[in-house]
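Report on one structure; see the data block that follows.
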Amino acid sequence: MVSVIIPVFNKEKYLHVSIESVLNQRYQHFEIVVINDGSSDGSEDIILNLMAKDPRIKYINQKNQGVSATRNNGIELAKGKYISFLDADDYYDPLFLEKMVNKIGDYEACYCGHYFVNPDNSKKKSKQEFLDGDILCEYLLNRCVAHTNSWLICKEFLLVNNLRFEENLDCGEDMLLFSKLMTLNTEIQCVEEYLTFYTQGVSNSLSFNDLSKIYKDILWVNMYKDFLNKTNISKFRKERAMDTINDYRLPALIVYQLWVNRKSYKKDAYSLALSEVEMYINDIKISNGLRSLKLYMYSKLLKLYQIKPKGGLM
């Protein structure tokens, strides 16, 4: 059985589609663990109406704890052999569970591709490579970009390795968890199809663009580096992962967030933010082909927007 964990916080507009996408799976051996994380809209009514029609929907209502704690609660409550996560504003292709269960076999984790769904309901495939095995560095290099919704994971693997979402983070908690998972598992499987749908531009979405996100990205990356240093894996894998983070992943997170926000903030605040993170982007190495060249170019263009601030905090 698969346990699909759906955290809900004020998603009444999307929730019905999300839950129905699970109920309409061709593979029917599942339960849906829906956790209402203190919603103040009509989300609960939608859940209760659907629950009355299908006993496989398990409903938990809790005071607001945040998405990481909510997903972790779902892991503890799940009865299935496998776990999948689905955000309440996203949805599955009808063949998602069937193809993922068939592929994972005796392995511990499997992923697939996803579509981006725009506000006008147009869809675009994520740009990614479909690779299996030891894909940690490919994930950190943003080549395998499996979304949180696009995983099927053995629950026992999460429990044995004490893998949970970091509850002190409100950004990057998914990247941190899956980076840890790929550090500990070198036999990741993949379904080379686009079977999940990630809705963009949603109010209260779990993703966002903001200058402050830079500091949150630095935080989760440093937490992962600490985990990596303490984990008993080969020296070669550890050094390669650390170099990938320092040479590409962290600079990319910083540079592109600065670039996206270059016209949205006052120049002094923007310049101060740039000066505070400059140490991370001063020595970009060409470790990821054309992606690194593009990153290097944008890091230089950022200088055009820099004005030295007189002082004060952002």
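Identifiers in this document derive from the order of the structure tokens: chains are assigned A, B, ..., residues are numbered from 1 separately in each chain, and ligands are numbered from 1 in order of occurrence.
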
Restrict the calculation to only C-alpha atoms, then for each residue of segment 165-239 of chain A with any atom at most 8 Å from an atom of segment 144-159 of chain A give the closest atom pair and their distance in Å to one decimal, rows by chain and rising residue number, as CSV.
residue,atom,partner,partner_atom,distance
A:Asp174,CA,A:Thr148,CA,6.4
A:Leu195,CA,A:Ser150,CA,7.5
A:Thr196,CA,A:Ser150,CA,6.1
A:Tyr198,CA,A:Asn149,CA,7.9

key: Spatial neighbours of Met51 of chain A, 10 Å, only C-alpha atoms, chain gap at least 5 places, as a list of chain:residue names   =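 Those residues are A:Ile19, A:Ile32, A:Val34, A:Asp45, A:Ile46, A:Arg56, A:Ile57, A:Lys58, A:Tyr59.
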
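Within 9 Å of segment 287-298 of chain A there are Leu141, Asp243, Thr244, Asp247, Tyr248, Pro251, Ala252, Val255, Tyr256, Trp259 and Ile281 of chain A, counting only C-alpha atoms and ignoring same-chain residues fewer than 5 positions away.
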
key: DSSP strand (DSSP E) selection over segment 176-297 of chain A, as a ChimeraX atom specification   = /A:189-199

task = Tell me, in Å to one decimal, how far atom CA of Pro94 of chain A is from atom CA of Tyr115 of chain A.
result =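 Atom CA of Tyr115 of chain A lies 14.0 Å from atom CA of Pro94 of chain A.
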
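Shell of Ile60 of chain A at 12 Å, with only C-alpha atoms counted and residues fewer than 5 places along the chain excluded, is Ile5, Ile6, Pro7, Val8, Ile32, Val33, Val34, Ile35, Asn36, Asp37, Gly38, Ser39, Glu44, Ile47, Leu48, Met51, Thr70, Arg71, Asn73, Gly74, Leu77 and Ala78 of chain A.
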
message = Just checking: using only C-alpha atoms, which residue out of A:Leu169, A:Ile75, A:Leu184, A:Ala52 ends up closest to Glu108 of chain A?
response =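 Result for the nearest residue to Glu108 of chain A: A:Leu184.
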